[in-house]
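Pasted below: protein-v3.cif, mmCIF, C-alpha atoms and all ligand atoms.
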```
data_target
loop_
_atom_site.label_atom_id
_atom_site.label_comp_id
_atom_site.auth_asym_id
_atom_site.auth_seq_id
_atom_site.Cartn_x
_atom_site.Cartn_y
_atom_site.Cartn_z
CA MET L 56 282.43 56.84 119.55
CA GLU L 57 279.44 58.32 117.75
CA SER L 58 275.90 57.88 118.95
CA LEU L 59 272.50 58.53 117.43
CA THR L 60 268.99 57.54 118.39
CA VAL L 61 266.18 55.90 116.49
CA GLU L 62 263.31 58.05 117.76
CA LEU L 63 260.35 55.77 118.40
CA GLY L 64 258.87 57.11 121.63
CA SER L 65 259.07 54.55 124.41
CA ARG L 66 260.79 52.11 122.03
CA SER L 67 263.60 54.53 121.03
CA TYR L 68 267.09 53.02 121.05
CA PRO L 69 270.68 54.11 120.56
CA ILE L 70 273.02 53.21 117.71
CA LEU L 71 276.65 53.33 118.80
CA ILE L 72 279.41 53.47 116.17
CA GLY L 73 283.09 53.16 117.00
CA ASP L 74 286.24 51.32 115.98
CA GLY L 75 286.96 48.53 118.48
CA LEU L 76 283.57 48.94 120.19
CA ILE L 77 282.96 45.19 120.32
CA ARG L 78 285.77 44.95 122.88
CA ASP L 79 284.07 47.51 125.17
CA ILE L 80 280.54 46.28 124.71
CA GLY L 81 280.01 45.24 128.35
CA GLU L 82 279.62 48.77 129.64
CA HIS L 83 276.87 49.47 127.07
CA VAL L 84 275.01 46.19 127.58
CA ALA L 85 275.18 45.93 131.38
CA PRO L 86 272.78 48.83 132.14
CA LEU L 87 270.06 47.17 130.02
CA LEU L 88 270.09 43.80 131.76
CA LYS L 89 267.67 42.71 134.52
CA ARG L 90 270.07 39.90 135.46
CA PRO L 91 273.78 39.63 134.56
CA ARG L 92 273.22 37.00 131.89
CA THR L 93 272.82 36.97 128.11
CA MET L 94 272.72 34.64 125.11
CA ILE L 95 274.82 35.23 121.97
CA VAL L 96 273.63 33.93 118.60
CA THR L 97 276.01 33.97 115.65
CA ASP L 98 277.19 31.91 112.66
CA THR L 99 280.34 29.83 112.23
CA HIS L 100 282.26 32.42 110.16
CA VAL L 101 281.56 35.23 112.59
CA ALA L 102 282.17 33.01 115.62
CA ASP L 103 285.70 32.28 114.34
CA HIS L 104 286.58 35.97 114.52
CA TYR L 105 284.36 37.65 117.11
CA LEU L 106 282.80 35.23 119.59
CA ILE L 107 285.83 35.25 121.88
CA PRO L 108 286.33 39.07 121.82
CA LEU L 109 282.62 39.62 122.49
CA GLY L 110 282.48 36.96 125.21
CA THR L 111 285.61 38.37 126.86
CA ALA L 112 284.12 41.87 126.86
CA LEU L 113 280.93 40.57 128.50
CA ALA L 114 282.88 38.58 131.08
CA MET L 115 284.90 41.70 131.95
CA ALA L 116 281.59 43.38 132.79
CA ASP L 117 280.58 40.36 134.94
CA ILE L 118 277.93 39.26 132.45
CA SER L 119 277.66 35.49 131.98
CA PHE L 120 276.58 34.14 128.61
CA SER L 121 275.90 31.05 126.54
CA SER L 122 276.25 30.93 122.76
CA PHE L 123 274.55 29.27 119.81
CA VAL L 124 276.39 29.02 116.48
CA LEU L 125 274.34 28.51 113.32
CA ASP L 126 275.39 27.65 109.77
CA PRO L 127 276.23 30.73 107.70
CA GLY L 128 274.15 31.78 104.71
CA GLU L 129 270.64 32.66 103.65
CA SER L 130 269.34 29.08 104.16
CA THR L 131 269.59 29.63 107.93
CA LYS L 132 266.87 32.30 107.66
CA SER L 133 264.25 29.55 107.38
CA TRP L 134 261.61 27.65 109.33
CA ALA L 135 264.30 25.09 110.24
CA GLY L 136 266.69 27.77 111.48
CA LEU L 137 263.89 29.43 113.44
CA ALA L 138 262.85 26.14 115.06
CA ARG L 139 266.42 25.34 116.14
CA LEU L 140 266.99 28.80 117.55
CA THR L 141 263.70 29.18 119.42
CA GLU L 142 264.09 25.71 120.96
CA TRP L 143 267.64 26.56 122.03
CA LEU L 144 266.51 29.84 123.61
CA ILE L 145 263.77 28.08 125.55
CA GLY L 146 266.24 25.37 126.63
CA GLU L 147 268.53 28.13 127.92
CA GLY L 148 265.67 29.44 130.06
CA VAL L 149 265.35 32.76 128.25
CA GLU L 150 263.15 35.24 130.13
CA ARG L 151 261.06 38.07 128.66
CA GLY L 152 263.33 40.63 130.31
CA ASP L 153 266.49 39.12 128.78
CA HIS L 154 268.48 40.65 125.92
CA VAL L 155 269.70 38.18 123.29
CA ILE L 156 272.72 39.34 121.26
CA ALA L 157 272.62 38.91 117.45
CA LEU L 158 276.27 38.87 116.37
CA GLY L 159 276.63 38.73 112.59
CA GLY L 160 275.19 39.87 109.29
CA GLY L 161 271.64 40.43 108.16
CA VAL L 162 270.81 36.73 108.21
CA ILE L 163 271.59 36.39 111.92
CA GLY L 164 270.02 39.76 112.74
CA ASP L 165 266.75 39.03 110.91
CA LEU L 166 266.47 35.51 112.35
CA VAL L 167 267.34 36.43 115.93
CA GLY L 168 265.02 39.44 115.83
CA PHE L 169 262.14 37.30 114.63
CA ALA L 170 262.84 34.56 117.20
CA CYS L 171 262.91 37.23 119.92
CA SER L 172 259.59 38.63 118.73
CA ILE L 173 257.84 35.30 119.35
CA VAL L 174 259.67 33.45 122.13
CA LYS L 175 257.59 33.79 125.29
CA ARG L 176 255.58 36.36 123.26
CA GLY L 177 258.58 38.62 123.03
CA CYS L 178 261.99 39.23 124.59
CA ASN L 179 264.63 41.87 123.88
CA PHE L 180 267.56 41.72 121.49
CA ILE L 181 270.71 43.66 120.73
CA GLN L 182 272.19 43.97 117.25
CA VAL L 183 275.97 43.66 116.85
CA PRO L 184 276.23 43.79 113.03
CA THR L 185 279.43 42.54 111.39
CA THR L 186 278.73 43.01 107.65
CA LEU L 187 278.56 46.33 105.82
CA LEU L 188 274.99 45.49 104.85
CA ALA L 189 273.97 44.92 108.45
CA GLN L 190 275.87 47.98 109.70
CA VAL L 191 274.21 50.40 107.26
CA ASP L 192 270.81 48.80 106.96
CA SER L 193 269.48 45.57 108.51
CA SER L 194 270.52 46.11 112.16
CA VAL L 195 268.33 49.23 112.35
CA GLY L 196 264.58 49.45 111.96
CA GLY L 197 263.18 46.24 113.41
CA LYS L 198 262.21 44.40 110.23
CA THR L 199 262.74 40.75 111.18
CA ALA L 200 261.89 37.71 109.07
CA ILE L 201 262.58 34.33 107.54
CA ASN L 202 262.25 33.33 103.88
CA VAL L 203 259.76 30.75 102.59
CA PRO L 204 259.61 29.14 99.14
CA ALA L 205 256.94 31.63 98.01
CA GLY L 206 259.14 34.60 98.73
CA LYS L 207 261.67 36.59 100.64
CA ASN L 208 260.92 37.67 104.25
CA LEU L 209 257.27 36.63 103.92
CA ILE L 210 257.06 35.45 107.53
CA GLY L 211 258.19 38.02 110.05
CA ALA L 212 257.40 40.79 112.47
CA PHE L 213 258.35 44.34 113.30
CA HIS L 214 260.40 44.03 116.49
CA GLN L 215 262.87 46.78 117.33
CA PRO L 216 266.22 46.03 118.96
CA ALA L 217 267.07 47.61 122.31
CA LEU L 218 270.56 48.67 121.18
CA VAL L 219 272.72 48.58 118.03
CA VAL L 220 276.51 48.40 118.45
CA ILE L 221 278.50 48.96 115.25
CA ASP L 222 282.23 48.25 115.22
CA PRO L 223 283.42 49.09 111.68
CA THR L 224 286.75 47.30 112.22
CA THR L 225 284.89 43.99 111.97
CA LEU L 226 284.66 44.67 108.22
CA GLU L 227 288.39 43.97 107.95
CA THR L 228 287.68 40.22 107.93
CA LEU L 229 284.64 40.43 105.62
CA PRO L 230 285.20 38.87 102.16
CA ARG L 231 285.30 41.43 99.28
CA ARG L 232 282.18 39.98 97.65
CA GLU L 233 280.15 40.47 100.87
CA LEU L 234 281.50 44.01 101.23
CA GLY L 235 280.29 44.73 97.67
CA ALA L 236 276.83 43.36 98.43
CA GLY L 237 276.57 45.69 101.44
CA TYR L 238 277.80 48.58 99.32
CA ALA L 239 274.70 48.26 97.13
CA GLU L 240 272.55 49.20 100.14
CA VAL L 241 274.88 52.17 100.80
CA VAL L 242 274.34 53.44 97.25
CA LYS L 243 270.59 52.96 97.76
CA TYR L 244 270.48 55.85 100.27
CA GLY L 245 271.90 58.22 97.64
CA LEU L 246 269.43 57.04 95.03
CA ILE L 247 266.44 57.39 97.37
CA ASP L 248 266.72 61.06 98.26
CA ASP L 249 270.33 62.28 98.37
CA ALA L 250 271.92 62.95 94.97
CA THR L 251 274.96 64.51 96.69
CA PHE L 252 275.61 61.26 98.54
CA PHE L 253 275.31 59.30 95.28
CA GLY L 254 277.98 61.62 93.86
CA TRP L 255 280.11 60.86 96.93
CA CYS L 256 279.65 57.14 96.23
CA GLU L 257 280.79 57.59 92.62
CA ALA L 258 283.91 59.36 93.88
CA ASN L 259 284.67 57.18 96.92
CA GLY L 260 283.05 53.76 96.42
CA ALA L 261 286.16 52.13 95.01
CA ALA L 262 288.28 53.38 97.94
CA LEU L 263 285.69 52.17 100.45
CA LEU L 264 285.72 48.72 98.87
CA ALA L 265 289.52 48.70 98.89
CA GLY L 266 289.47 49.15 102.67
CA ASP L 267 289.71 52.94 103.18
CA SER L 268 288.54 53.34 106.79
CA GLU L 269 287.56 57.00 106.45
CA ALA L 270 285.27 56.23 103.49
CA ARG L 271 283.86 53.22 105.35
CA HIS L 272 283.09 55.35 108.39
CA LYS L 273 281.39 58.09 106.35
CA ALA L 274 279.22 55.52 104.51
CA ILE L 275 278.13 53.81 107.73
CA ALA L 276 277.36 57.04 109.58
CA GLN L 277 275.49 58.52 106.61
CA GLY L 278 273.55 55.32 105.87
CA VAL L 279 272.52 54.61 109.41
CA ALA L 280 271.40 58.22 109.96
CA ALA L 281 269.21 58.04 106.84
CA LYS L 282 267.75 54.72 107.93
CA ALA L 283 267.04 56.00 111.47
CA ARG L 284 265.30 59.08 110.05
CA ILE L 285 263.12 57.07 107.65
CA VAL L 286 262.19 54.43 110.26
CA ALA L 287 261.28 57.11 112.81
CA ALA L 288 258.97 58.73 110.23
CA ASP L 289 257.17 55.52 109.18
CA GLU L 290 258.05 52.57 111.41
CA ARG L 291 255.57 50.12 109.91
CA GLU L 292 255.78 51.15 106.26
CA THR L 293 252.24 52.49 106.10
CA GLN L 294 252.86 55.96 104.64
CA ASP L 295 254.94 55.47 101.48
CA ILE L 296 258.02 56.74 103.36
CA ARG L 297 259.70 53.57 104.61
CA ALA L 298 258.72 51.83 101.35
CA LEU L 299 261.45 53.95 99.70
CA LEU L 300 263.99 51.70 101.47
CA ASN L 301 262.63 49.00 99.16
CA LEU L 302 264.15 50.72 96.11
CA GLY L 303 265.41 47.90 93.87
CA HIS L 304 263.93 45.24 96.14
CA SER L 305 260.75 44.28 94.26
CA PHE L 306 262.94 43.39 91.27
CA GLY L 307 265.77 42.16 93.52
CA HIS L 308 263.66 39.81 95.62
CA ALA L 309 262.32 38.23 92.40
CA LEU L 310 265.93 37.63 91.27
CA GLU L 311 266.77 36.11 94.67
CA ALA L 312 263.75 33.80 94.45
CA GLU L 313 264.80 32.78 90.93
CA THR L 314 268.32 31.92 92.13
CA GLY L 315 266.97 30.01 95.15
CA TYR L 316 268.25 32.40 97.88
CA SER L 317 271.67 30.93 97.27
CA ASP L 318 275.29 32.02 96.93
CA ARG L 319 274.60 32.48 93.21
CA LEU L 320 273.22 35.92 94.02
CA LEU L 321 273.60 37.64 97.40
CA HIS L 322 270.82 39.93 98.67
CA GLY L 323 272.85 43.10 98.08
CA GLU L 324 273.85 41.91 94.61
CA ALA L 325 270.18 41.35 93.73
CA VAL L 326 269.38 44.83 95.06
CA ALA L 327 272.12 46.33 92.85
CA ALA L 328 270.61 44.75 89.72
CA GLY L 329 267.13 45.66 91.00
CA MET L 330 268.05 49.33 91.40
CA VAL L 331 269.34 49.46 87.83
CA LEU L 332 266.11 47.82 86.61
CA ALA L 333 264.02 50.32 88.62
CA HIS L 334 265.90 53.21 86.98
CA GLN L 335 265.66 51.65 83.51
CA PHE L 336 261.92 51.04 83.98
CA SER L 337 261.53 54.68 85.10
CA ALA L 338 263.45 55.84 82.02
CA ALA L 339 261.31 53.62 79.76
CA LYS L 340 258.19 55.28 81.21
CA GLY L 341 259.64 58.78 80.70
CA LEU L 342 259.90 59.43 84.46
CA CYS L 343 263.67 60.00 84.49
CA THR L 344 266.24 60.45 81.74
CA PRO L 345 268.04 57.49 80.13
CA GLU L 346 271.28 59.19 81.26
CA ASP L 347 270.24 58.80 84.93
CA ALA L 348 269.74 55.06 84.42
CA VAL L 349 273.09 54.76 82.64
CA ARG L 350 274.83 56.63 85.48
CA VAL L 351 273.44 54.18 88.08
CA ARG L 352 274.30 51.14 85.95
CA ASP L 353 277.82 52.39 85.24
CA HIS L 354 278.63 53.08 88.87
CA LEU L 355 277.42 49.66 90.08
CA ALA L 356 279.22 47.95 87.18
CA SER L 357 282.41 49.86 88.03
CA VAL L 358 282.51 48.18 91.46
CA ASP L 359 281.72 44.74 90.00
CA LEU L 360 278.12 44.54 91.15
CA PRO L 361 275.41 42.95 88.99
CA HIS L 362 273.79 45.64 86.85
CA SER L 363 271.50 43.68 84.48
CA LEU L 364 269.53 40.44 84.34
CA ALA L 365 272.43 38.79 82.53
CA SER L 366 275.10 39.91 85.02
CA ALA L 367 272.79 38.75 87.86
CA GLY L 368 272.82 35.33 86.19
CA VAL L 369 269.06 35.31 85.54
CA ASN L 370 267.58 34.38 82.18
CA THR L 371 263.96 33.88 83.23
CA GLY L 372 260.96 35.21 81.32
CA GLY L 373 259.38 38.47 82.47
CA ALA L 374 256.07 36.83 83.40
CA GLU L 375 257.76 34.39 85.78
CA LEU L 376 259.74 37.17 87.46
CA ALA L 377 256.57 39.27 87.75
CA ASP L 378 254.85 36.26 89.39
CA HIS L 379 257.45 36.39 92.19
CA MET L 380 256.76 40.08 92.58
CA ALA L 381 253.05 39.42 93.10
CA HIS L 382 253.91 38.04 96.58
CA ASP L 383 255.54 41.33 97.61
CA LYS L 384 254.45 42.49 101.07
CA LYS L 385 253.65 45.94 99.70
CA VAL L 386 250.82 44.64 97.46
CA ARG L 387 247.58 46.44 98.32
CA GLY L 388 244.22 45.90 96.67
CA GLY L 389 245.96 43.50 94.29
CA LYS L 390 248.32 46.25 93.05
CA LEU L 391 252.07 46.30 93.63
CA PRO L 392 253.46 49.70 94.56
CA LEU L 393 256.80 50.12 92.77
CA ILE L 394 259.63 52.36 93.93
CA LEU L 395 260.49 54.35 90.80
CA THR L 396 262.40 57.57 90.25
CA ARG L 397 262.22 61.01 88.67
CA GLY L 398 266.01 61.20 88.68
CA ILE L 399 269.03 60.48 90.87
CA GLY L 400 267.92 60.96 94.50
CA ARG L 401 264.28 61.49 93.53
CA SER L 402 262.63 58.14 94.25
CA PHE L 403 258.90 57.83 94.83
CA VAL L 404 256.22 55.18 95.28
CA THR L 405 253.56 54.53 92.65
CA ASP L 406 251.05 51.80 91.85
CA GLU L 407 250.37 53.16 88.38
CA TYR L 408 252.11 50.30 86.59
CA GLY L 409 250.71 46.76 86.64
CA LEU L 410 252.65 43.53 86.66
CA ASP L 411 251.92 43.07 82.93
CA ALA L 412 253.87 46.24 82.18
CA VAL L 413 256.69 45.03 84.43
CA ALA L 414 256.75 41.61 82.72
CA ALA L 415 256.91 43.18 79.25
CA PHE L 416 259.74 45.49 80.39
CA LEU L 417 261.69 42.55 81.86
CA ASP L 418 261.30 40.58 78.62
CA GLY L 419 262.83 43.56 76.84
CA GLN L 420 265.73 43.63 79.31
CA ARG L 421 266.26 39.90 78.87
CA ALA L 422 266.61 40.34 75.14
CA ALA L 423 268.90 43.39 75.53
N1 LIG V 1 265.95 43.68 108.25
C1 LIG V 1 266.35 44.54 107.32
O1 LIG V 1 266.01 45.73 107.35
C2 LIG V 1 267.24 44.05 106.23
C3 LIG V 1 267.89 44.98 105.41
C4 LIG V 1 268.73 44.50 104.41
C5 LIG V 1 268.96 43.13 104.28
N2 LIG V 1 268.32 42.28 105.11
C6 LIG V 1 268.60 40.83 105.03
O2 LIG V 1 269.97 40.62 105.36
C7 LIG V 1 270.40 39.41 104.76
C8 LIG V 1 271.76 39.61 104.14
O3 LIG V 1 272.65 40.00 105.15
P1 LIG V 1 274.23 40.03 104.89
O4 LIG V 1 274.52 40.59 103.55
O5 LIG V 1 274.81 40.67 106.08
O6 LIG V 1 274.60 38.50 104.79
P2 LIG V 1 274.96 37.36 105.87
O7 LIG V 1 274.37 37.62 107.17
O8 LIG V 1 274.66 36.08 105.17
O9 LIG V 1 276.54 37.51 106.01
C9 LIG V 1 277.34 37.34 104.86
C10 LIG V 1 278.49 36.34 105.06
O10 LIG V 1 279.55 37.00 105.72
C11 LIG V 1 279.94 36.28 106.90
N3 LIG V 1 280.39 37.29 107.84
C12 LIG V 1 279.60 38.18 108.51
N4 LIG V 1 280.37 39.06 109.16
C13 LIG V 1 281.64 38.73 108.90
C14 LIG V 1 282.89 39.31 109.26
N5 LIG V 1 282.96 40.46 109.94
N6 LIG V 1 284.03 38.69 108.86
C15 LIG V 1 283.96 37.58 108.08
N7 LIG V 1 282.82 37.01 107.68
C16 LIG V 1 281.67 37.59 108.07
C17 LIG V 1 278.74 35.48 107.27
O11 LIG V 1 279.08 34.35 108.02
C18 LIG V 1 278.15 35.12 105.91
O12 LIG V 1 278.84 34.02 105.38
C19 LIG V 1 269.34 39.02 103.76
O13 LIG V 1 268.60 37.95 104.27
C20 LIG V 1 268.47 40.25 103.65
O14 LIG V 1 267.14 39.94 103.34
C21 LIG V 1 267.48 42.71 106.08
O1 LIG V 2 264.16 48.44 106.37
C1 LIG V 2 263.45 48.47 105.36
O2 LIG V 2 262.31 48.92 105.37
C2 LIG V 2 263.98 47.94 104.09
O3 LIG V 2 263.24 47.84 103.12
C3 LIG V 2 265.42 47.54 104.03
C4 LIG V 2 265.74 46.52 102.93
O4 LIG V 2 267.10 46.71 102.59
C5 LIG V 2 265.56 45.08 103.41
O5 LIG V 2 266.13 44.21 102.47
C6 LIG V 2 264.16 44.67 103.73
O6 LIG V 2 264.13 43.42 104.39
C7 LIG V 2 263.30 44.54 102.51
O7 LIG V 2 261.97 44.76 102.86
P1 LIG V 2 260.88 43.61 102.97
O8 LIG V 2 259.77 44.30 103.67
O9 LIG V 2 260.54 43.22 101.59
O10 LIG V 2 261.47 42.50 103.75
ZN ZN V 3 267.79 45.07 101.38
#
```

Any chance you could give the structure as structure tokens?
Ligand SMILES: NC(=O)c1ccc[n+]([C@@H]2O[C@H](COP(=O)([O-])OP(=O)(O)OC[C@H]3O[C@@H](n4cnc5c(N)ncnc54)[C@H](O)[C@@H]3O)[C@@H](O)[C@H]2O)c1
Ligand SMILES: O=C(O)C(=O)C[C@@H](O)[C@H](O)[C@H](O)COP(=O)(O)O
Ligand SMILES: [Zn+2]
Amino acid sequence: MESLTVELGSRSYPILIGDGLIRDIGEHVAPLLKRPRTMIVTDTHVADHYLIPLGTALAMADISFSSFVLDPGESTKSWAGLARLTEWLIGEGVERGDHVIALGGGVIGDLVGFACSIVKRGCNFIQVPTTLLAQVDSSVGGKTAINVPAGKNLIGAFHQPALVVIDPTTLETLPRRELGAGYAEVVKYGLIDDATFFGWCEANGAALLAGDSEARHKAIAQGVAAKARIVAADERETQDIRALLNLGHSFGHALEAETGYSDRLLHGEAVAAGMVLAHQFSAAKGLCTPEDAVRVRDHLASVDLPHSLASAGVNTGGAELADHMAHDKKVRGGKLPLILTRGIGRSFVTDEYGLDAVAAFLDGQRAA
């Protein structure tokens, strides 16, 4: 088992990574609990595979539990999902000192984290991520949220988990399309500030997606370490450091809004197309070379991820897409900071370009 810490002073927490860890989770959870009781929240797909193993591991550590199983998919990350979950937690008699377990992908993690930030003005939660996306990204860092019609994650809170337990073997049951969506967030770490890791992705991405456990392990360990480092440096995204984790997201969230947060375009798929657009926009402004943008597009295309407006299934005008972007949480003084790049692994934040420029660029991409 590997262990690293998200260094946040009194709110620091460990991330444990190990094959089969879900079956030994009791020994890691028990020391945190004020009473030998917990609540597991998951979705139907994940419950089919992992609710019994997790429950058995807790029972072996003399921890009693109840469980709540939600519908899978992005629509659960909503006011309705939040209402159902918070009412269930209160009905279960959740106490502030309790630790609720979020077992699942980013949807369950974001929803449970947000519910735990507000129920009884805050209780603890533990992330047990079961998608590649959640293992390399969403389970760490404490961004919690639901979606609303105006935009992605617009209602939420920063609320850090008390523990993250990553069992990479859970990815063996994850559908290939979901694995690909998570892979986009893996590639993101290379594009932010680690050109060597992007090169590793080009060489090893296909093997990872075909089930190579060594490649999977390297990607998770590398991704989670990068995320822990960035979150520790700028927990609340106030210093243009954590904002780098939004590479591809201003464009991507607009694509998700356009496709109705539906199965038509998964979050990671939207991020893949968004990262290509961010590189193409940077190239159009002379910030990076056209070859850099081509390299990013070609790699994402080679693993069957969306890499253009057309392959993301979006044919909307630039102005409408830019309207979605105006709701971005990073907007300050009416300006949207964009994550652009000076080359592979050289991303930076700038508010030099207005939404008009973005809209005109997107119209050009639509026609391309
Ligand atoms: N908080 C953050 O920092 C952060 C970071 C990135 C993404 N996100 C959010 O995460 C969400 C996307 O998360 P996701 O990609 O994990 O999707 P998800 O949670 O919807 O899970 C994807 C699908 O896979 C199923 N599934 C999960 N684990 C499985 C397993 N091991 N075996 C079989 N099926 C399994 C789920 O039931 C679901 O149908 C988005 O809402 C996005 O905004 C948050
Ligand atoms: O943890 C972060 O910070 C991220 O930006 C990670 C992103 O992958 C994630 O999708 C995040 O939810 C997007 O940021 P948001 O602030 O727009 O919700
Ligand atoms: Zn994301």

request  = Would you kindly return, as an NGL selection string, each protein, DNA or RNA residue with an atom no farther than 12 Å from any atom of L:Leu417, considering only C-alpha atoms and excluding same-chain residues fewer than 5 positions away?
outcome  = :L and (306 or 309-310 or 329 or 331-333 or 335-336 or 339 or 363-365 or 369-378 or 410-412 or 422-423)

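Atom CA of L:Glu324 lies 18.7 Å from atom CA of L:Pro184.
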
key: Nearest residue to L:Ala381 from the set L:Arg139, L:His362, L:His308, L:His354 (distances using all atoms listed in the file)   = L:His308

task = Check which residues fall inside 7 Å of ligand ZN 3 (chain V) when counting all atoms listed in the file, and print them as a list in words.
result = Glu240, Asn301, His304, His322, Gly323 and Val326 of chain L

inquiry  = I want to know what sits within 9 Å of L:Val351, based on only C-alpha atoms, with residues of the same chain fewer than 5 positions away left out; could you give that as a VMD selection string?
reply    = chain L and resid 246 330 to 331 334 346 356 362 399

Just write the chosen residues, C-alpha atoms, as a compact mmCIF listing (two decimals), in the coordinates of the input.
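Done, and the output landed in selection-v1.txt:
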```txt
# COMPACT_ATOMS: atom_id res chain seq x y z
CA LEU L 246 269.43 57.04 95.03
CA MET L 330 268.05 49.33 91.40
CA VAL L 331 269.34 49.46 87.83
CA HIS L 334 265.90 53.21 86.98
CA GLU L 346 271.28 59.19 81.26
CA ALA L 356 279.22 47.95 87.18
CA HIS L 362 273.79 45.64 86.85
CA ILE L 399 269.03 60.48 90.87
```

Can you write out as a tab-separated table which residues of chain L fall within 7 Å of ligand LIG 1 (chain V), alongside each residue's closest atom pair and its distance in Å to one decimal, counting only C-alpha atoms and all ligand atoms and ordering rows by chain and ascending residue number?
```
residue	atom	partner	partner_atom	distance
L:Asp98	CA	V:LIG1	O11	5.6
L:Thr99	CA	V:LIG1	O11	6.3
L:His100	CA	V:LIG1	O11	4.3
L:Val101	CA	V:LIG1	C13	5.1
L:His104	CA	V:LIG1	N6	6.8
L:Pro127	CA	V:LIG1	O11	4.6
L:Gly128	CA	V:LIG1	O8	4.4
L:Glu129	CA	V:LIG1	O8	5.5
L:Lys132	CA	V:LIG1	O13	6.8
L:Gly159	CA	V:LIG1	C12	5.1
L:Gly160	CA	V:LIG1	O7	3.2
L:Gly161	CA	V:LIG1	O3	3.2
L:Val162	CA	V:LIG1	O7	3.8
L:Ile163	CA	V:LIG1	O7	5.6
L:Asp165	CA	V:LIG1	N1	5.4
L:Thr185	CA	V:LIG1	N4	4.2
L:Thr186	CA	V:LIG1	N4	4.5
L:Leu187	CA	V:LIG1	O5	6.8
L:Leu188	CA	V:LIG1	O5	5.0
L:Ala189	CA	V:LIG1	O5	4.9
L:Asp192	CA	V:LIG1	C3	5.1
L:Ser193	CA	V:LIG1	C1	3.5
L:Ser194	CA	V:LIG1	N1	6.5
L:Val195	CA	V:LIG1	O1	6.5
L:Gly196	CA	V:LIG1	O1	6.1
L:Gly197	CA	V:LIG1	N1	6.4
L:Lys198	CA	V:LIG1	N1	4.3
L:Thr199	CA	V:LIG1	N1	5.2
L:Lys207	CA	V:LIG1	O14	7.0
L:Asn208	CA	V:LIG1	O14	6.7
L:Thr225	CA	V:LIG1	N5	4.5
L:Leu226	CA	V:LIG1	N5	4.9
L:Glu227	CA	V:LIG1	N5	6.8
L:Thr228	CA	V:LIG1	N6	4.1
L:Leu229	CA	V:LIG1	N6	3.7
L:Pro230	CA	V:LIG1	C15	6.2
L:Glu233	CA	V:LIG1	C9	5.8
L:Ala236	CA	V:LIG1	O4	6.3
L:Gly237	CA	V:LIG1	O4	5.9
L:Leu321	CA	V:LIG1	O4	6.9
L:His322	CA	V:LIG1	C19	5.4
L:Gly323	CA	V:LIG1	O4	6.2
```

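Rounded to one decimal, atom CA of L:Glu142 and atom CA of L:Cys171 lie 11.6 Å from each other.
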
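Minimum distance to ligand LIG 2 (chain V) across L:Gly388, L:Gly368, L:Gly211, L:Gly400 (counting all atoms listed in the file) occurs at L:Gly211.
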
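Rounded to one decimal, atom CA of L:Tyr105 and atom CA of L:Ile156 lie 12.5 Å from each other.
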